[in-house]
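The file target.txt comes next; it holds compact mmCIF, C-alpha atoms.
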```
# COMPACT_ATOMS: atom_id res chain seq x y z
CA MET S 172 23.16 -11.11 -27.30
CA ASN S 173 22.28 -7.77 -25.68
CA SER S 174 21.21 -7.91 -22.04
CA LEU S 175 18.77 -5.61 -20.28
CA PRO S 176 19.10 -4.61 -16.61
CA TYR S 177 16.25 -6.07 -14.58
CA ARG S 178 14.92 -2.68 -13.43
CA GLU S 179 14.66 -1.56 -17.08
CA PHE S 180 13.01 -4.82 -18.11
CA LEU S 181 10.46 -4.50 -15.30
CA ALA S 182 9.76 -0.84 -16.10
CA MET S 183 9.31 -1.75 -19.76
CA ILE S 184 6.83 -4.52 -18.89
CA GLN S 185 4.83 -2.24 -16.59
CA GLU S 186 4.71 0.59 -19.12
CA LYS S 187 3.60 -1.85 -21.80
CA ALA S 188 0.88 -3.12 -19.44
CA ARG S 189 -0.28 0.48 -18.94
CA GLU S 190 -0.38 1.12 -22.68
CA GLU S 191 -2.33 -2.07 -23.35
CA GLY S 192 -4.60 -1.82 -20.28
CA ILE S 193 -3.39 -5.10 -18.77
CA PRO S 194 -3.98 -5.73 -15.03
CA TYR S 195 -0.37 -6.62 -14.28
CA ARG S 196 -0.54 -6.28 -10.46
CA GLY S 197 -3.42 -7.10 -8.12
CA SER S 198 -3.96 -6.38 -4.43
CA PHE S 199 -6.38 -8.62 -2.56
CA GLU S 200 -7.76 -7.39 0.77
CA LEU S 201 -8.78 -10.78 2.12
CA THR S 202 -10.46 -9.58 5.32
CA PRO S 203 -11.21 -6.42 7.35
CA LEU S 204 -10.69 -8.42 10.56
CA CYS S 205 -7.47 -8.41 12.54
CA ASN S 206 -5.90 -9.82 15.69
CA LEU S 207 -4.75 -6.27 16.59
CA ASN S 208 -6.84 -3.13 16.92
CA CYS S 209 -4.68 -0.33 15.51
CA LYS S 210 -6.33 2.99 16.24
CA MET S 211 -5.34 4.53 12.89
CA CYS S 212 -6.27 1.61 10.59
CA TYR S 213 -8.38 2.69 7.63
CA VAL S 214 -10.05 -0.70 7.09
CA HIS S 215 -10.19 -2.77 10.30
CA LEU S 216 -13.69 -3.68 11.49
CA GLN S 217 -14.40 -5.22 14.89
CA ASP S 218 -17.89 -6.57 14.18
CA SER S 219 -17.38 -10.34 13.80
CA SER S 220 -20.63 -10.57 11.81
CA VAL S 221 -18.73 -9.33 8.75
CA LYS S 222 -17.31 -12.86 8.49
CA HIS S 223 -20.53 -13.77 6.73
CA LYS S 224 -19.99 -11.00 4.16
CA MET S 225 -16.34 -11.83 3.44
CA LEU S 226 -15.42 -13.63 0.25
CA SER S 227 -14.77 -17.33 0.66
CA GLY S 228 -11.56 -19.01 -0.43
CA GLU S 229 -13.34 -20.34 -3.51
CA GLN S 230 -14.51 -16.84 -4.49
CA TRP S 231 -11.04 -15.35 -4.05
CA ILE S 232 -9.45 -18.15 -6.08
CA SER S 233 -12.02 -17.70 -8.84
CA LEU S 234 -11.25 -13.97 -9.07
CA ILE S 235 -7.52 -14.65 -8.96
CA GLN S 236 -7.78 -17.16 -11.82
CA GLN S 237 -9.74 -14.64 -13.89
CA ALA S 238 -7.09 -12.02 -13.11
CA ILE S 239 -4.34 -14.41 -14.22
CA ASN S 240 -6.24 -15.08 -17.45
CA SER S 241 -6.32 -11.31 -18.00
CA GLY S 242 -2.55 -10.94 -17.53
CA MET S 243 -1.87 -10.55 -13.79
CA MET S 244 1.72 -11.45 -12.88
CA GLU S 245 2.11 -9.95 -9.38
CA ALA S 246 -0.16 -10.16 -6.33
CA LEU S 247 -0.34 -8.72 -2.84
CA LEU S 248 -2.31 -10.40 -0.03
CA THR S 249 -3.36 -8.01 2.70
CA GLY S 250 -6.17 -7.14 5.14
CA GLY S 251 -6.97 -6.43 8.02
CA GLU S 252 -4.65 -9.27 8.84
CA ALA S 253 -4.55 -11.43 5.70
CA MET S 254 -3.30 -14.49 7.56
CA THR S 255 -6.46 -14.61 9.70
CA HIS S 256 -8.59 -15.47 6.65
CA PRO S 257 -9.66 -19.14 7.01
CA ALA S 258 -8.52 -19.90 3.46
CA PHE S 259 -5.30 -17.86 3.51
CA TRP S 260 -3.02 -20.80 2.73
CA ASP S 261 -5.30 -22.12 -0.04
CA ILE S 262 -5.28 -18.68 -1.68
CA TYR S 263 -1.55 -18.22 -1.19
CA MET S 264 -0.68 -21.64 -2.60
CA TYR S 265 -2.93 -21.07 -5.60
CA LEU S 266 -0.90 -17.98 -6.48
CA ILE S 267 2.42 -19.75 -5.91
CA ASN S 268 1.38 -22.80 -7.94
CA HIS S 269 0.46 -20.50 -10.81
CA ALA S 270 3.89 -18.80 -10.70
CA ILE S 271 2.51 -15.44 -9.58
CA THR S 272 5.06 -13.19 -7.84
CA THR S 273 3.38 -12.90 -4.44
CA ARG S 274 3.89 -10.49 -1.56
CA VAL S 275 2.24 -10.77 1.87
CA LYS S 276 1.48 -7.92 4.28
CA THR S 277 1.14 -8.93 7.92
CA ASN S 278 1.44 -7.58 11.46
CA GLY S 279 3.75 -10.52 12.22
CA LEU S 280 1.70 -12.14 14.99
CA LEU S 281 0.90 -15.24 12.95
CA LEU S 282 4.38 -15.47 11.46
CA ASN S 283 5.20 -18.37 13.79
CA LYS S 284 7.44 -21.42 13.33
CA GLU S 285 4.82 -23.34 11.37
CA SER S 286 4.01 -20.54 8.92
CA ILE S 287 7.69 -19.65 8.50
CA LYS S 288 8.39 -23.26 7.59
CA ARG S 289 5.66 -23.14 4.93
CA PHE S 290 6.96 -19.84 3.58
CA GLN S 291 10.46 -21.34 3.41
CA GLU S 292 9.18 -24.18 1.27
CA TYR S 293 6.99 -21.96 -0.92
CA LYS S 294 8.67 -18.57 -0.81
CA PRO S 295 6.88 -15.27 -1.36
CA CYS S 296 8.84 -12.55 -3.11
CA GLN S 297 8.62 -10.53 0.11
CA ILE S 298 6.85 -10.34 3.46
CA ASP S 299 6.02 -6.84 4.71
CA ILE S 300 5.78 -6.76 8.51
CA SER S 301 4.27 -3.74 10.23
CA LEU S 302 6.15 -2.64 13.35
CA TYR S 303 3.95 -0.61 15.69
CA GLY S 304 6.14 -0.09 18.75
CA CYS S 305 9.50 -0.46 20.46
CA ASP S 306 8.27 -1.98 23.73
CA SER S 307 5.12 -3.28 25.41
CA GLU S 308 3.84 0.17 26.34
CA SER S 309 4.06 1.61 22.84
CA TYR S 310 2.58 -1.49 21.21
CA GLU S 311 -0.44 -1.38 23.46
CA ALA S 312 -0.85 2.37 22.94
CA VAL S 313 -1.01 1.94 19.15
CA THR S 314 -2.62 -1.48 18.68
CA GLY S 315 -4.52 -2.10 21.91
CA VAL S 316 -2.51 -5.31 22.37
CA ASP S 317 0.86 -6.00 23.99
CA ALA S 318 2.26 -7.90 21.01
CA TYR S 319 5.80 -6.51 21.17
CA GLU S 320 7.77 -9.58 22.32
CA GLN S 321 5.91 -11.95 19.98
CA VAL S 322 6.27 -9.77 16.89
CA VAL S 323 9.96 -9.04 17.44
CA SER S 324 10.64 -12.74 18.04
CA ASN S 325 8.78 -13.67 14.84
CA ILE S 326 10.63 -11.06 12.80
CA ARG S 327 13.96 -12.46 13.94
CA MET S 328 12.89 -16.04 13.19
CA ALA S 329 11.74 -15.06 9.70
CA ILE S 330 15.01 -13.27 8.92
CA GLU S 331 17.08 -16.19 10.24
CA ALA S 332 15.00 -18.52 8.05
CA GLY S 333 16.17 -16.64 4.98
CA LEU S 334 12.85 -15.00 4.08
CA LEU S 335 12.97 -11.60 2.39
CA ILE S 336 11.50 -9.24 4.98
CA LYS S 337 10.62 -5.56 4.82
CA ILE S 338 9.74 -3.68 8.00
CA VAL S 339 6.99 -1.06 7.66
CA VAL S 340 6.62 1.78 10.18
CA THR S 341 3.45 3.91 10.18
CA PRO S 342 3.87 7.07 12.28
CA SER S 343 0.71 8.39 13.91
CA ARG S 344 -0.31 10.51 16.88
CA TYR S 345 -0.51 7.36 18.99
CA MET S 346 3.08 6.37 18.14
CA GLN S 347 4.45 9.89 18.48
CA PRO S 348 6.22 9.51 21.86
CA TRP S 349 8.17 6.54 20.51
CA THR S 350 8.43 7.06 16.71
CA GLU S 351 12.19 7.60 16.58
CA ARG S 352 12.81 4.59 18.82
CA VAL S 353 10.56 2.46 16.59
CA MET S 354 12.55 3.50 13.52
CA LYS S 355 15.83 2.69 15.26
CA LEU S 356 14.47 -0.74 16.24
CA ALA S 357 13.44 -1.33 12.63
CA LYS S 358 16.95 -0.42 11.46
CA SER S 359 18.47 -2.90 13.94
CA PHE S 360 17.01 -5.84 11.98
CA ASP S 361 19.28 -4.94 9.04
CA VAL S 362 16.56 -5.38 6.41
CA ASN S 363 14.76 -2.98 4.08
CA VAL S 364 12.60 -0.49 6.01
CA GLU S 365 9.74 1.67 4.75
CA VAL S 366 8.44 4.60 6.79
CA ASN S 367 4.98 5.45 5.50
CA ASN S 368 4.73 9.10 4.52
CA MET S 369 0.97 9.48 4.79
CA LEU S 370 -2.10 8.23 6.61
CA PHE S 371 -5.36 7.40 4.86
CA GLU S 372 -8.83 8.58 5.75
CA PRO S 373 -10.51 5.49 7.26
CA HIS S 374 -13.55 3.96 5.58
CA GLU S 375 -16.77 5.36 6.99
CA ASN S 376 -17.89 2.05 8.52
CA THR S 377 -14.79 1.90 10.76
CA GLY S 378 -15.97 4.82 12.90
CA ARG S 379 -12.47 6.34 12.78
CA LYS S 380 -11.39 9.76 11.54
CA LYS S 381 -7.98 10.71 10.25
CA ALA S 382 -8.06 13.96 12.23
CA ASP S 383 -7.99 11.91 15.44
CA PHE S 384 -4.66 10.21 14.71
CA ASP S 385 -2.88 12.39 12.16
CA ILE S 386 0.41 14.09 13.04
CA THR S 387 1.32 17.74 12.71
CA LEU S 388 3.30 19.11 9.78
CA GLU S 389 6.22 19.80 12.11
CA GLU S 390 6.24 16.20 13.36
CA ASP S 391 5.89 14.91 9.81
CA LEU S 392 8.92 16.90 8.64
CA ARG S 393 10.95 15.82 11.68
CA ILE S 394 10.17 12.16 10.98
CA LYS S 395 11.11 12.52 7.32
CA GLU S 396 14.47 14.05 8.21
CA LYS S 397 15.17 11.25 10.68
CA SER S 398 14.04 8.66 8.16
CA LYS S 399 16.48 10.00 5.54
CA GLU S 400 19.25 9.84 8.12
CA LEU S 401 18.49 6.27 9.21
CA PHE S 402 17.44 4.81 5.86
CA PRO S 403 19.33 6.17 2.85
CA PRO S 404 17.23 5.85 -0.31
CA LEU S 405 17.59 2.61 -2.24
CA TYR S 406 17.38 4.52 -5.52
CA THR S 407 19.76 7.19 -6.77
CA SER S 408 18.64 10.37 -8.53
CA ASP S 409 19.58 8.66 -11.81
CA ASP S 410 17.27 5.78 -10.92
CA TYR S 411 14.46 8.23 -10.19
CA GLU S 412 14.98 10.02 -13.49
CA PHE S 413 14.89 6.69 -15.31
CA PHE S 414 11.60 5.61 -13.75
CA VAL S 415 10.00 8.99 -14.47
CA LYS S 416 11.09 8.92 -18.10
CA SER S 417 9.99 5.30 -18.50
CA ARG S 418 6.42 6.37 -17.77
CA ASN S 419 6.42 8.39 -20.98
CA ARG S 420 3.69 10.72 -19.71
CA PRO S 421 3.34 14.49 -19.32
CA ASP S 422 3.54 15.98 -15.85
CA VAL S 423 0.09 17.49 -16.19
CA SER S 424 -2.74 16.27 -18.41
CA ASP S 425 -6.43 17.09 -18.75
CA LYS S 426 -7.44 13.47 -18.22
CA GLY S 427 -5.93 10.41 -16.59
CA LEU S 428 -4.34 9.64 -13.24
CA TYR S 429 -0.57 9.47 -13.01
CA CYS S 430 0.23 6.42 -10.87
CA TYR S 431 -0.17 2.71 -11.63
CA ALA S 432 -3.54 2.40 -9.85
CA GLY S 433 -6.17 1.48 -12.41
CA SER S 434 -3.72 1.75 -15.31
CA TRP S 435 -1.85 -1.51 -14.71
CA GLY S 436 -2.80 -2.28 -11.13
CA PHE S 437 -6.06 -2.99 -9.34
CA ALA S 438 -7.36 -3.92 -5.91
CA VAL S 439 -10.28 -6.01 -4.69
CA ASN S 440 -11.63 -5.05 -1.27
CA TRP S 441 -12.70 -7.64 1.31
CA ASP S 442 -16.34 -7.41 0.19
CA GLY S 443 -15.53 -8.05 -3.48
CA LEU S 444 -15.52 -4.48 -4.82
CA MET S 445 -12.80 -3.61 -7.36
CA VAL S 446 -11.07 -0.23 -7.08
CA PRO S 447 -7.85 1.18 -8.58
CA CYS S 448 -6.01 0.78 -5.25
CA LEU S 449 -6.98 -0.33 -1.76
CA SER S 450 -7.45 3.17 -0.34
CA PHE S 451 -9.20 4.61 -3.41
CA PRO S 452 -12.54 6.32 -2.65
CA ARG S 453 -15.40 4.11 -3.79
CA ASP S 454 -17.60 7.03 -4.81
CA VAL S 455 -15.05 7.97 -7.48
CA VAL S 456 -14.28 4.63 -9.17
CA CYS S 457 -15.44 1.11 -8.41
CA ALA S 458 -16.63 -2.04 -10.21
CA TYR S 459 -18.24 -5.39 -9.39
CA PRO S 460 -16.19 -8.42 -10.47
CA LEU S 461 -18.36 -10.93 -8.59
CA HIS S 462 -21.42 -9.80 -10.52
CA ASP S 463 -19.97 -8.72 -13.88
CA GLY S 464 -16.86 -10.91 -14.06
CA PHE S 465 -13.26 -9.81 -13.63
CA SER S 466 -12.65 -8.76 -17.23
CA LYS S 467 -15.58 -6.34 -17.41
CA ALA S 468 -14.88 -4.93 -13.94
CA TRP S 469 -11.23 -4.30 -14.84
CA SER S 470 -12.26 -2.65 -18.11
CA ASN S 471 -14.62 -0.31 -16.20
CA VAL S 472 -11.92 0.64 -13.67
CA ASN S 473 -9.25 1.09 -16.36
CA ASP S 474 -11.51 3.30 -18.50
CA ALA S 475 -12.57 5.40 -15.51
CA VAL S 476 -8.94 6.07 -14.52
CA LYS S 477 -7.89 6.90 -18.08
CA ASN S 478 -10.76 9.36 -18.43
CA TYR S 479 -10.70 10.89 -14.95
CA GLU S 480 -10.72 14.68 -15.35
CA VAL S 481 -7.87 16.23 -13.41
CA PRO S 482 -8.90 19.45 -11.62
CA LYS S 483 -8.09 22.48 -13.75
CA VAL S 484 -6.49 24.23 -10.78
CA CYS S 485 -3.68 21.65 -10.92
CA HIS S 486 -2.52 23.01 -14.28
CA SER S 487 -1.59 26.40 -12.88
CA CYS S 488 -0.29 25.15 -9.53
CA GLU S 489 3.32 25.97 -8.71
CA LEU S 490 3.93 22.31 -7.85
CA ASN S 491 2.24 20.80 -10.89
CA THR S 492 5.38 18.89 -11.93
CA LYS S 493 6.04 17.56 -8.42
CA CYS S 494 2.60 16.81 -6.97
CA HIS S 495 0.45 14.64 -9.20
CA TYR S 496 -3.26 14.66 -8.41
CA CYS S 497 -4.45 11.61 -6.49
CA PRO S 498 -8.14 11.11 -5.53
CA VAL S 499 -7.02 9.31 -2.36
CA ASN S 500 -5.48 12.54 -1.02
CA HIS S 501 -8.54 14.55 -2.03
CA SER S 502 -11.12 11.91 -1.11
CA LYS S 503 -13.67 14.39 0.28
CA VAL S 504 -14.08 16.15 -3.07
CA ALA S 505 -12.51 13.77 -5.61
CA ALA S 506 -15.92 12.67 -6.94
CA LYS S 507 -16.45 16.31 -7.98
CA HIS S 508 -13.00 16.44 -9.64
CA GLN S 509 -11.84 19.07 -7.16
CA CYS S 510 -8.85 19.63 -4.90
CA ASP S 511 -9.01 19.58 -1.12
CA PRO S 512 -7.45 22.94 -0.14
CA ASP S 513 -6.29 21.56 3.22
CA TYR S 514 -4.23 18.87 1.49
CA CYS S 515 -2.89 21.32 -1.11
CA ASN S 516 -1.77 23.72 1.62
CA TYR S 517 -0.15 20.83 3.48
CA VAL S 518 1.85 19.75 0.41
CA LYS S 519 2.95 23.31 -0.31
CA ALA S 520 4.07 23.80 3.28
CA ARG S 521 5.92 20.50 3.28
CA TYR S 522 7.68 21.28 0.01
CA LYS S 523 8.64 24.77 1.21
CA ALA S 524 10.04 23.33 4.44
CA ALA S 525 11.99 20.68 2.52
CA VAL S 526 13.55 23.31 0.23
CA THR S 527 14.49 25.43 3.25
CA SER S 528 16.05 22.39 4.91
CA GLU S 529 18.13 21.61 1.81
CA LYS S 530 19.43 25.20 1.68
CA ASP S 531 20.36 25.10 5.36
CA ASN S 532 22.31 21.89 4.83
```
Rewritten as structure tokens:
Amino acid sequence: MNSLPYREFLAMIQEKAREEGIPYRGSFELTPLCNLNCKMCYVHLQDSSVKHKMLSGEQWISLIQQAINSGMMEALLTGGEAMTHPAFWDIYMYLINHAITTRVKTNGLLLNKESIKRFQEYKPCQIDISLYGCDSESYEAVTGVDAYEQVVSNIRMAIEAGLLIKIVVTPSRYMQPWTERVMKLAKSFDVNVEVNNMLFEPHENTGRKKADFDITLEEDLRIKEKSKELFPPLYTSDDYEFFVKSRNRPDVSDKGLYCYAGSWGFAVNWDGLMVPCLSFPRDVVCAYPLHDGFSKAWSNVNDAVKNYEVPKVCHSCELNTKCHYCPVNHSKVAAKHQCDPDYCNYVKARYKAAVTSEKDN
């Protein structure tokens, strides 16, 4: 009997889900509340009154069951801090008991002995832990809380317990004096590490602005070079070529977004609104699963993504085979199907610098 490598099987399943419009992967933003106060967070709210607007455990479980009935096989639980939701464990266990491949994003503060023991018994496929500093000073500068010792201790306990951990580093202006040290600390845990390559524009109700915490192009390029040095890519160029070809889509099209968001993936925000992905601008695409039911909401999101008109300027752009239009990156004008020139100039400058760097090396 012929066998199929797992990566090819998974890519085949995801591409089939895209073709058939099946919501294969769901992200559930359980709460906008958090036990940290990261200054660059795009979702965190500090007004405790939002607790009354958050979905209850019963509502989340109802949506999750509807998603499973529609074909969902993978789920991400996130926030804010997902583990602060009063019904976190009920929601998590519902996914596990229904054999859904489940990933949890956390800042690590609540990843204590008790929760690690529960995760050992009912394992997630992965736990993503955000690392915001390399000592007490840096942690407080970024998050407003000296959580360094507790988080590092919890990370070590989780790794020793045999849980699959990924460390996530999010560079920002507030982390800038310590970014390289944070990356080196992340490497010291000897687990998979992801260094985020972009920051999102915060939701309007957070009172934050990306311009206040974004980093310069020069700093961005420096971090990327250091990241490549510390964390060699998990995928080879052959792997990349395979995944691109498996998508079976043109580099540039008149209609339709390129990534998985809305084509075989979806997200439900903390207040019950469905969007293609968690950071997707609501004024471009959104739906109402609590009111209309999951199936209709997903159909609305899927149709909107398939029929989204890509800006015509993208077709003649010199980077049209390398930079695929994403409304998240052009959130200020995406509802008008336009490009944000500031972002376009940034990408062009970054690509030019990367090419120069490759030639020099």
- Considering all atoms listed in the file, return as number ranges by chain whatever protein or nucleic-acid residues lie within 7 Å of range 360-375 of chain S, sequence-local ones (same chain, fewer than 2 positions apart) excluded. S: 212-214, 336-341, 357-358, 377-381, 385
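The smallest atom-to-atom distance between Glu191 in chain S and any of S:Leu216, S:Arg521, S:Gly242, S:Gln291, using only C-alpha atoms, is found for S:Gly242.
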- Residue neighbourhood His501 in chain S, 9 Å, all atoms listed in the file, exclusion window fewer than 6 positions, as an MDAnalysis selection string: chainID S and resid 509:512 514:515
- Can you work out which one of S:Lys210, S:Tyr303, S:Gly443, S:Val499 has the shortest atom-to-atom distance to Phe384 in chain S, counting only C-alpha atoms?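 Of all the options, S:Lys210 lies closest to Phe384 in chain S.
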- Rounded to one decimal in Å, what is the spacing between CA of His256 in chain S and CA of Met225 in chain S?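 According to the coordinates, CA of His256 in chain S and CA of Met225 in chain S are separated by 9.1 Å.
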- So which residues touch Pro194 in chain S within 10 Å, counting all atoms listed in the file, skipping near sequence neighbours fewer than 3 positions away, as a ChimeraX atom specification? /S:185,188-189,191,197,238-245,431-438,466,469-470,473
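Within 10 Å of the file-frame point (5.4, -6.0, 0.1), and using all atoms listed in the file, the polymer residues found are Ala246, Leu247, Leu248, Thr249, Thr273, Arg274, Val275, Lys276, Thr277, Pro295, Cys296, Gln297, Ile298, Asp299, Ile300, Leu335, Ile336, Lys337, Ile338, Val339 and Glu365 of chain S.
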File dump, residues just selected, C-alpha atoms, as a CSV table (one decimal), keeping the file's coordinate frame:
```
chain,number,residue,atom,x,y,z
S,246,ALA,CA,-0.2,-10.2,-6.3
S,247,LEU,CA,-0.3,-8.7,-2.8
S,248,LEU,CA,-2.3,-10.4,0.0
S,249,THR,CA,-3.4,-8.0,2.7
S,273,THR,CA,3.4,-12.9,-4.4
S,274,ARG,CA,3.9,-10.5,-1.6
S,275,VAL,CA,2.2,-10.8,1.9
S,276,LYS,CA,1.5,-7.9,4.3
S,277,THR,CA,1.1,-8.9,7.9
S,295,PRO,CA,6.9,-15.3,-1.4
S,296,CYS,CA,8.8,-12.6,-3.1
S,297,GLN,CA,8.6,-10.5,0.1
S,298,ILE,CA,6.8,-10.3,3.5
S,299,ASP,CA,6.0,-6.8,4.7
S,300,ILE,CA,5.8,-6.8,8.5
S,335,LEU,CA,13.0,-11.6,2.4
S,336,ILE,CA,11.5,-9.2,5.0
S,337,LYS,CA,10.6,-5.6,4.8
S,338,ILE,CA,9.7,-3.7,8.0
S,339,VAL,CA,7.0,-1.1,7.7
S,365,GLU,CA,9.7,1.7,4.8
```
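Once Glu320 in chain S and its same-chain neighbours fewer than 3 positions away are set aside, Gly279, Leu280, Leu302, Tyr303, Gly304, Cys305, Asp306, Ser307, Glu308, Ser309, Tyr310, Glu311, Val316, Asp317, Val323, Ser324, Asn325, Ile326 and Arg327 of chain S remain within 12 Å of it when counting only C-alpha atoms.
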- Query: Closest to Gly251 in chain S among S:Leu234, S:Leu449, S:Ile267, S:Ala332, using all atoms listed in the file?
  - Reply: S:Leu449
Excluding same-chain residues fewer than 4 positions from Cys497 in chain S, what lies within 10 Å of it counting only C-alpha atoms, as a PDB file with C-alpha atoms, in the coordinates of the input?
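As written to disk, around-v6.pdb reads:
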```pdb
ATOM      1  CA  LEU S 428      -4.340   9.640 -13.240  1.00  0.00           C
ATOM      2  CA  TYR S 429      -0.570   9.470 -13.010  1.00  0.00           C
ATOM      3  CA  CYS S 430       0.230   6.420 -10.870  1.00  0.00           C
ATOM      4  CA  ALA S 432      -3.540   2.400  -9.850  1.00  0.00           C
ATOM      5  CA  PHE S 451      -9.200   4.610  -3.410  1.00  0.00           C
ATOM      6  CA  VAL S 481      -7.870  16.230 -13.410  1.00  0.00           C
ATOM      7  CA  HIS S 501      -8.540  14.550  -2.030  1.00  0.00           C
ATOM      8  CA  SER S 502     -11.120  11.910  -1.110  1.00  0.00           C
ATOM      9  CA  ALA S 505     -12.510  13.770  -5.610  1.00  0.00           C
ATOM     10  CA  CYS S 510      -8.850  19.630  -4.900  1.00  0.00           C
TER      11      CYS S 510
END
```
- Item | Residue nearest Tyr319 in chain S - candidates S:Leu207, S:Cys457, S:Tyr345, S:Glu351, atoms counted: all atoms listed in the file |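 Of S:Leu207, S:Cys457, S:Tyr345, S:Glu351, the one nearest Tyr319 in chain S, counting all atoms listed in the file, is S:Leu207.
You will find CA of Ile232 in chain S at 23.2 Å from CA of Asn278 in chain S.
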- Task: Show me as JSON, numbers by chain the residues that reach within 8 Å of (3.2, 13.3, -8.8), counting all atoms listed in the file and using the file's own coordinates.
- Result: {"S": [422, 429, 430, 491, 492, 493, 494, 495, 496]}
- CA of Leu392 in chain S to CA of Ala506 in chain S, straight-line distance in Å: 29.6 Å
